[in-house]
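Peer 1: Contents of run-v6.txt (compact mmCIF, C-alpha atoms and all ligand atoms) are below:
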```txt
# COMPACT_ATOMS: atom_id res chain seq x y z
CA MET A 1 -3.06 -10.58 27.42
CA SER A 2 -2.44 -14.09 26.24
CA ARG A 3 -2.58 -14.52 22.51
CA LYS A 4 -2.50 -17.91 20.79
CA LEU A 5 1.05 -18.32 19.56
CA PHE A 6 1.65 -18.40 15.81
CA ILE A 7 4.78 -20.13 14.50
CA GLY A 8 5.72 -20.06 10.83
CA GLY A 9 8.40 -21.92 8.90
CA ASN A 10 9.97 -20.02 6.02
CA TRP A 11 11.73 -22.54 3.81
CA LYS A 12 13.10 -19.79 1.52
CA MET A 13 14.80 -21.17 -1.63
CA ASN A 14 15.51 -24.57 -0.09
CA THR A 15 14.29 -28.15 -0.61
CA ASP A 16 13.48 -29.96 -3.83
CA ARG A 17 10.20 -31.67 -4.67
CA ASP A 18 10.95 -34.86 -2.72
CA SER A 19 12.54 -33.23 0.30
CA ALA A 20 9.74 -30.63 0.50
CA ALA A 21 7.12 -33.40 0.54
CA SER A 22 9.01 -35.46 3.08
CA LEU A 23 9.64 -32.44 5.33
CA ALA A 24 5.91 -31.71 5.17
CA SER A 25 4.95 -35.28 5.98
CA GLY A 26 7.41 -35.39 8.89
CA LEU A 27 5.82 -32.21 10.24
CA VAL A 28 2.30 -33.57 9.83
CA GLU A 29 3.33 -36.60 11.83
CA ALA A 30 5.14 -34.63 14.54
CA ILE A 31 2.92 -31.57 15.01
CA GLY A 32 0.08 -31.83 12.47
CA SER A 33 -2.62 -32.08 15.11
CA VAL A 34 -1.37 -29.34 17.43
CA GLU A 35 -4.27 -27.03 18.29
CA GLU A 36 -2.73 -24.88 21.01
CA ILE A 37 -0.56 -23.01 18.50
CA ASP A 38 -1.22 -21.84 14.94
CA VAL A 39 1.39 -23.27 12.59
CA ALA A 40 2.15 -22.48 8.94
CA VAL A 41 4.89 -23.38 6.49
CA ALA A 42 6.02 -21.42 3.45
CA PRO A 43 7.65 -23.67 0.85
CA PRO A 44 9.09 -22.40 -2.43
CA SER A 45 6.21 -21.49 -4.77
CA VAL A 46 6.83 -24.35 -7.20
CA TYR A 47 6.31 -26.86 -4.40
CA LEU A 48 3.24 -25.25 -2.83
CA SER A 49 0.85 -27.72 -4.50
CA ALA A 50 2.89 -30.77 -3.55
CA VAL A 51 3.28 -29.62 0.05
CA GLY A 52 -0.38 -28.57 0.22
CA GLU A 53 -1.42 -32.12 -0.71
CA VAL A 54 0.63 -33.52 2.17
CA LEU A 55 -0.73 -30.95 4.65
CA LYS A 56 -4.38 -31.66 3.78
CA GLY A 57 -6.38 -32.62 6.86
CA SER A 58 -3.67 -31.39 9.24
CA ASN A 59 -3.66 -28.19 11.31
CA ILE A 60 -0.66 -26.80 9.42
CA SER A 61 -1.48 -23.93 7.05
CA LEU A 62 0.19 -23.25 3.74
CA ALA A 63 1.82 -19.87 3.07
CA GLY A 64 3.35 -18.19 0.05
CA GLN A 65 6.71 -16.44 0.46
CA ASN A 66 5.69 -13.50 -1.72
CA CYS A 67 3.05 -12.27 -4.17
CA TRP A 68 2.43 -9.47 -6.66
CA TYR A 69 -0.15 -6.71 -6.26
CA GLU A 70 -1.81 -6.85 -9.67
CA PRO A 71 -4.37 -9.59 -10.33
CA ASN A 72 -2.83 -10.84 -13.60
CA GLY A 73 -1.05 -9.70 -16.73
CA ALA A 74 2.44 -9.01 -18.02
CA TYR A 75 4.49 -9.55 -14.84
CA THR A 76 6.96 -12.21 -15.81
CA GLY A 77 8.06 -14.35 -12.91
CA GLU A 78 5.50 -13.00 -10.46
CA ILE A 79 2.73 -14.84 -8.59
CA SER A 80 -0.76 -13.44 -8.07
CA THR A 81 -2.83 -13.72 -4.91
CA ASP A 82 -5.42 -15.80 -6.80
CA MET A 83 -2.67 -18.23 -7.79
CA LEU A 84 -1.67 -18.62 -4.14
CA LEU A 85 -5.30 -19.17 -3.14
CA ASP A 86 -5.74 -21.60 -6.02
CA VAL A 87 -2.95 -23.86 -4.75
CA GLY A 88 -4.35 -23.82 -1.22
CA CYS A 89 -2.52 -20.99 0.54
CA ASP A 90 -4.19 -19.30 3.49
CA LEU A 91 -1.55 -16.65 3.92
CA VAL A 92 1.50 -14.96 2.48
CA ILE A 93 4.75 -13.59 3.91
CA LEU A 94 5.45 -10.03 2.72
CA GLY A 95 8.33 -7.65 3.27
CA HIS A 96 10.86 -10.30 4.27
CA SER A 97 14.25 -8.69 4.75
CA GLU A 98 15.74 -10.73 1.92
CA ARG A 99 13.16 -9.22 -0.41
CA ARG A 100 13.81 -5.76 0.99
CA HIS A 101 17.60 -5.84 1.03
CA VAL A 102 18.58 -8.39 -1.63
CA LEU A 103 15.77 -7.72 -4.10
CA GLY A 104 15.24 -4.02 -3.39
CA GLU A 105 11.59 -3.99 -2.29
CA THR A 106 10.46 -0.66 -0.83
CA ASP A 107 7.93 -0.01 1.93
CA GLU A 108 5.57 1.41 -0.69
CA LEU A 109 5.76 -1.72 -2.86
CA ILE A 110 5.26 -3.93 0.18
CA ASN A 111 2.21 -1.87 1.17
CA ARG A 112 0.61 -2.44 -2.24
CA LYS A 113 1.14 -6.17 -1.82
CA VAL A 114 -0.25 -6.15 1.74
CA LEU A 115 -3.43 -4.37 0.60
CA LYS A 116 -3.87 -6.70 -2.35
CA ALA A 117 -3.30 -9.88 -0.35
CA LEU A 118 -5.76 -8.88 2.39
CA ASP A 119 -8.34 -7.84 -0.16
CA ALA A 120 -7.97 -11.15 -1.98
CA GLY A 121 -8.59 -13.12 1.23
CA LEU A 122 -5.04 -14.11 2.11
CA ASP A 123 -3.83 -13.46 5.64
CA VAL A 124 -0.52 -11.63 5.82
CA ILE A 125 2.71 -11.91 7.79
CA LEU A 126 4.35 -8.51 7.43
CA CYS A 127 8.08 -8.65 8.20
CA VAL A 128 9.94 -5.66 9.58
CA GLY A 129 13.37 -5.21 11.10
CA GLU A 130 16.48 -3.08 11.20
CA LEU A 131 19.96 -3.60 9.75
CA LEU A 132 22.94 -3.93 12.11
CA GLU A 133 24.22 -0.44 11.27
CA GLN A 134 20.78 1.02 11.93
CA ARG A 135 20.68 -0.64 15.37
CA GLN A 136 24.19 0.58 16.12
CA ALA A 137 23.18 4.10 15.11
CA GLY A 138 20.20 4.00 17.50
CA GLN A 139 17.69 4.00 14.62
CA THR A 140 15.86 0.74 15.37
CA ASN A 141 12.59 2.30 16.52
CA ASP A 142 12.52 4.80 13.65
CA VAL A 143 13.17 2.15 11.01
CA VAL A 144 10.62 -0.30 12.38
CA THR A 145 8.04 2.45 12.90
CA ARG A 146 8.40 3.54 9.27
CA GLN A 147 8.14 -0.05 8.03
CA VAL A 148 4.97 -0.72 10.06
CA LYS A 149 3.34 2.63 9.25
CA ILE A 150 3.96 2.54 5.51
CA GLY A 151 3.53 -1.22 5.23
CA MET A 152 0.08 -1.00 6.83
CA GLU A 153 -1.07 2.28 5.29
CA GLY A 154 -4.73 1.96 4.30
CA VAL A 155 -5.18 -1.39 6.05
CA PRO A 156 -8.62 -1.30 7.71
CA SER A 157 -9.35 -2.50 11.22
CA SER A 158 -11.90 -5.02 9.95
CA PHE A 159 -12.78 -6.65 6.67
CA SER A 160 -16.04 -7.12 4.86
CA GLU A 161 -16.78 -10.54 3.49
CA LYS A 162 -13.96 -11.46 1.11
CA GLY A 163 -12.08 -14.58 0.27
CA GLU A 164 -12.59 -18.01 1.70
CA LYS A 165 -12.48 -17.11 5.34
CA GLY A 166 -15.17 -14.47 5.39
CA LYS A 167 -15.29 -11.46 7.64
CA LYS A 168 -12.50 -11.08 10.15
CA GLY A 169 -10.87 -8.44 12.26
CA LEU A 170 -7.38 -7.15 11.59
CA PRO A 171 -5.68 -9.18 14.36
CA GLU A 172 -6.85 -12.39 12.71
CA ARG A 173 -5.80 -11.26 9.24
CA LEU A 174 -2.37 -9.75 9.80
CA THR A 175 0.64 -10.75 11.87
CA ILE A 176 3.80 -8.68 12.20
CA ALA A 177 7.13 -10.51 12.26
CA TYR A 178 9.89 -8.50 13.90
CA GLU A 179 13.07 -9.83 12.34
CA PRO A 180 16.25 -7.88 13.06
CA VAL A 181 18.23 -8.33 9.87
CA TRP A 182 21.46 -8.93 11.78
CA ALA A 183 19.87 -11.99 13.40
CA ILE A 184 18.48 -13.69 10.28
CA GLY A 185 20.47 -16.74 9.25
CA THR A 186 23.48 -15.54 11.23
CA GLY A 187 23.18 -17.70 14.34
CA VAL A 188 23.04 -14.48 16.38
CA THR A 189 19.68 -14.18 18.13
CA ALA A 190 18.32 -10.99 19.65
CA THR A 191 18.18 -11.39 23.41
CA PRO A 192 14.63 -11.83 24.72
CA GLU A 193 14.95 -8.35 26.24
CA GLN A 194 16.03 -6.76 22.94
CA ALA A 195 13.18 -8.45 21.10
CA GLN A 196 10.61 -7.62 23.80
CA GLU A 197 11.60 -3.95 23.71
CA VAL A 198 10.90 -3.66 19.99
CA HIS A 199 7.75 -5.79 20.18
CA ALA A 200 6.35 -3.54 22.92
CA MET A 201 7.19 -0.48 20.82
CA ILE A 202 5.35 -2.00 17.82
CA ARG A 203 2.32 -2.76 20.00
CA SER A 204 2.11 0.76 21.28
CA LEU A 205 2.47 2.06 17.72
CA LEU A 206 -0.47 -0.17 16.70
CA ALA A 207 -2.53 1.28 19.56
CA ASP A 208 -1.83 4.75 18.14
CA MET A 209 -2.59 3.67 14.57
CA TYR A 210 -5.73 1.67 15.45
CA ASP A 211 -6.81 1.17 19.05
CA ARG A 212 -5.78 -0.69 22.19
CA GLN A 213 -7.98 -3.73 21.46
CA ILE A 214 -6.47 -4.27 18.02
CA ALA A 215 -2.97 -3.67 19.35
CA ASP A 216 -3.52 -6.21 22.12
CA GLY A 217 -4.98 -8.83 19.78
CA LEU A 218 -2.54 -8.58 16.88
CA ARG A 219 0.26 -11.12 17.01
CA ILE A 220 3.89 -10.10 16.75
CA GLN A 221 6.28 -12.93 15.89
CA TYR A 222 10.01 -12.80 16.50
CA GLY A 223 12.32 -14.05 13.73
CA GLY A 224 16.09 -14.35 13.59
CA SER A 225 18.00 -17.55 14.37
CA MET A 226 15.26 -18.93 16.59
CA LYS A 227 16.16 -22.46 17.63
CA PRO A 228 14.90 -25.15 20.00
CA ASP A 229 17.27 -23.92 22.72
CA ASN A 230 16.29 -20.24 22.65
CA ALA A 231 12.60 -20.42 21.68
CA ALA A 232 11.09 -20.88 25.15
CA GLU A 233 12.77 -17.80 26.64
CA LEU A 234 11.63 -15.68 23.70
CA PHE A 235 8.04 -16.98 23.90
CA ALA A 236 8.04 -16.21 27.62
CA LYS A 237 8.14 -12.48 26.93
CA ASP A 238 4.82 -10.62 27.13
CA ASP A 239 4.79 -9.23 23.61
CA ILE A 240 6.38 -12.15 21.72
CA ASP A 241 3.52 -14.11 20.23
CA GLY A 242 5.37 -16.75 18.23
CA GLY A 243 8.13 -16.95 15.70
CA LEU A 244 9.01 -16.90 12.05
CA ILE A 245 11.64 -19.57 11.63
CA GLY A 246 14.01 -19.98 8.70
CA GLY A 247 16.88 -22.45 9.06
CA ALA A 248 15.40 -24.44 11.93
CA SER A 249 12.14 -24.98 10.03
CA LEU A 250 13.98 -27.20 7.55
CA LYS A 251 14.46 -29.94 10.12
CA VAL A 252 11.37 -31.71 11.43
CA GLU A 253 12.93 -32.28 14.83
CA ASP A 254 14.02 -28.66 15.33
CA PHE A 255 10.79 -27.08 14.08
CA ALA A 256 8.72 -29.51 16.16
CA SER A 257 10.84 -28.73 19.25
CA ILE A 258 10.30 -25.00 18.76
CA ILE A 259 6.56 -25.59 18.57
CA LYS A 260 6.66 -27.76 21.66
CA ALA A 261 8.62 -25.01 23.45
CA GLY A 262 5.61 -22.78 22.88
CA MET A 263 3.09 -25.23 24.34
C1 LIG B 1 13.61 -15.97 8.33
O1 LIG B 1 13.93 -16.36 7.23
O2 LIG B 1 12.56 -15.32 8.44
C2 LIG B 1 14.46 -16.28 9.49
C3 LIG B 1 14.15 -15.79 10.65
O3 LIG B 1 15.54 -17.08 9.26
P1 LIG B 1 16.48 -17.79 10.38
O4 LIG B 1 15.55 -18.44 11.39
O5 LIG B 1 17.28 -18.79 9.61
O6 LIG B 1 17.30 -16.73 11.00
```
What does the file become when written as structure tokens?

Peer 2:
Amino acid sequence: MSRKLFIGGNWKMNTDRDSAASLASGLVEAIGSVEEIDVAVAPPSVYLSAVGEVLKGSNISLAGQNCWYEPNGAYTGEISTDMLLDVGCDLVILGHSERRHVLGETDELINRKVLKALDAGLDVILCVGELLEQRQAGQTNDVVTRQVKIGMEGVPSSFSEKGEKGKKGLPERLTIAYEPVWAIGTGVTATPEQAQEVHAMIRSLLADMYDRQIADGLRIQYGGSMKPDNAAELFAKDDIDGGLIGGASLKVEDFASIIKAGM
């Protein structure tokens, strides 16, 4: 099954106002009219508006890096789904390993955010992935299975009319990013075979949780030190449907090369 690749750039807590805008305008120039691949960038929340202005009219979507599950109220420092929609976001990254392991987010908390974001009309990139010690202990499949099952608990297979994009099936609304924690920001990339093995496991889990059609349609990105020189071999694998890119998404040339490697 050939799925349209989806490549996201997670800028994390990097850039300032000027460099965020100039990174965005460099990307618009380099890959802003690419149609063969879906592309999104996730700037820091305070620069979403500025970056959104630059992306207007291009094919690059705007993503939040996180959101909260309540609509409003006394949640100091948090960002609601309506706020993300208000500044032009189409989607949000949830469950990133830095939020899980540095900021202590649990699968249950992530699930509440996933449900809220989808209900509000934001598409979701749900990140999952094992720690090095979990891989070494042979627990990769168990960890990732738990993260997918709890993270997606209560997520329906299709959506009634909600949000700006109207009715859509689950594969259009949610993407899973498999990001082995030992590969994120370390320069160590999973081999294409290691990544493919986990991606195939996730797809068969989705077939059990939903059905074969949903499992075949839902995109599974790989994330973890993806770079221009290793992207093509990862994208060549059957179950790798794109990438979530951190470090290399901060350089126009590198991010554009990764996208071109997928074309
Ligand atoms: C990420 O932040 O999701 C990521 C994969 O980072 P990096 O590409 O820098 O490893």

Peer 1: Might you pull out every residue within 10 Å of Ile240 in chain A, with all atoms listed in the file counted and same-chain residues fewer than 6 positions away left off, and present them as a ChimeraX atom specification?

Peer 2: /A:3,5-6,177-178,192,195-200,219-222,233-234

Peer 1: Please identify all protein, DNA and RNA residues within 6 Å of ligand LIG 1 (chain B), counting only C-alpha atoms and all ligand atoms, and report them as a list in words.

Peer 2: Asn10, Ala183, Ile184, Gly185, Gly223, Gly224, Ser225, Met226, Leu244, Ile245, Gly246 and Gly247 of chain A

Peer 1: Take the selection from the previous step and output its residues with C-alpha atoms, as a CSV table (one decimal), in the frame of the given file.

Peer 2:
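Result saved to result_16.csv:
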```csv
chain,number,residue,atom,x,y,z
A,10,ASN,CA,10.0,-20.0,6.0
A,183,ALA,CA,19.9,-12.0,13.4
A,184,ILE,CA,18.5,-13.7,10.3
A,185,GLY,CA,20.5,-16.7,9.2
A,223,GLY,CA,12.3,-14.0,13.7
A,224,GLY,CA,16.1,-14.4,13.6
A,225,SER,CA,18.0,-17.6,14.4
A,226,MET,CA,15.3,-18.9,16.6
A,244,LEU,CA,9.0,-16.9,12.0
A,245,ILE,CA,11.6,-19.6,11.6
A,246,GLY,CA,14.0,-20.0,8.7
A,247,GLY,CA,16.9,-22.4,9.1
```

Peer 1: Choose the residue, out of A:Gly104, A:Ile7, A:Ser45, A:Ala74, that has the smallest atom-to-atom separation from Ser61 in chain A; count only C-alpha atoms.

Peer 2: A:Ile7

Peer 1: So how far away is CA of Asp86 in chain A from CA of Asp119 in chain A, in Å?

Peer 2: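 Atom-to-atom, CA of Asp119 in chain A to CA of Asp86 in chain A, that is 15.2 Å.
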
Peer 1: When you draw a straight line from CA of Thr145 in chain A to CA of Ala236 in chain A, how long is it in Å?

Peer 2: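 Taking CA of Thr145 in chain A as the start and CA of Ala236 in chain A as the end point, the length is 23.8 Å.
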
Peer 1: Distance CA of Ile214 in chain A-CA of Asn59 in chain A, one decimal place?

Peer 2: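 Taking CA of Ile214 in chain A as the start and CA of Asn59 in chain A as the end point, the length is 25.0 Å.
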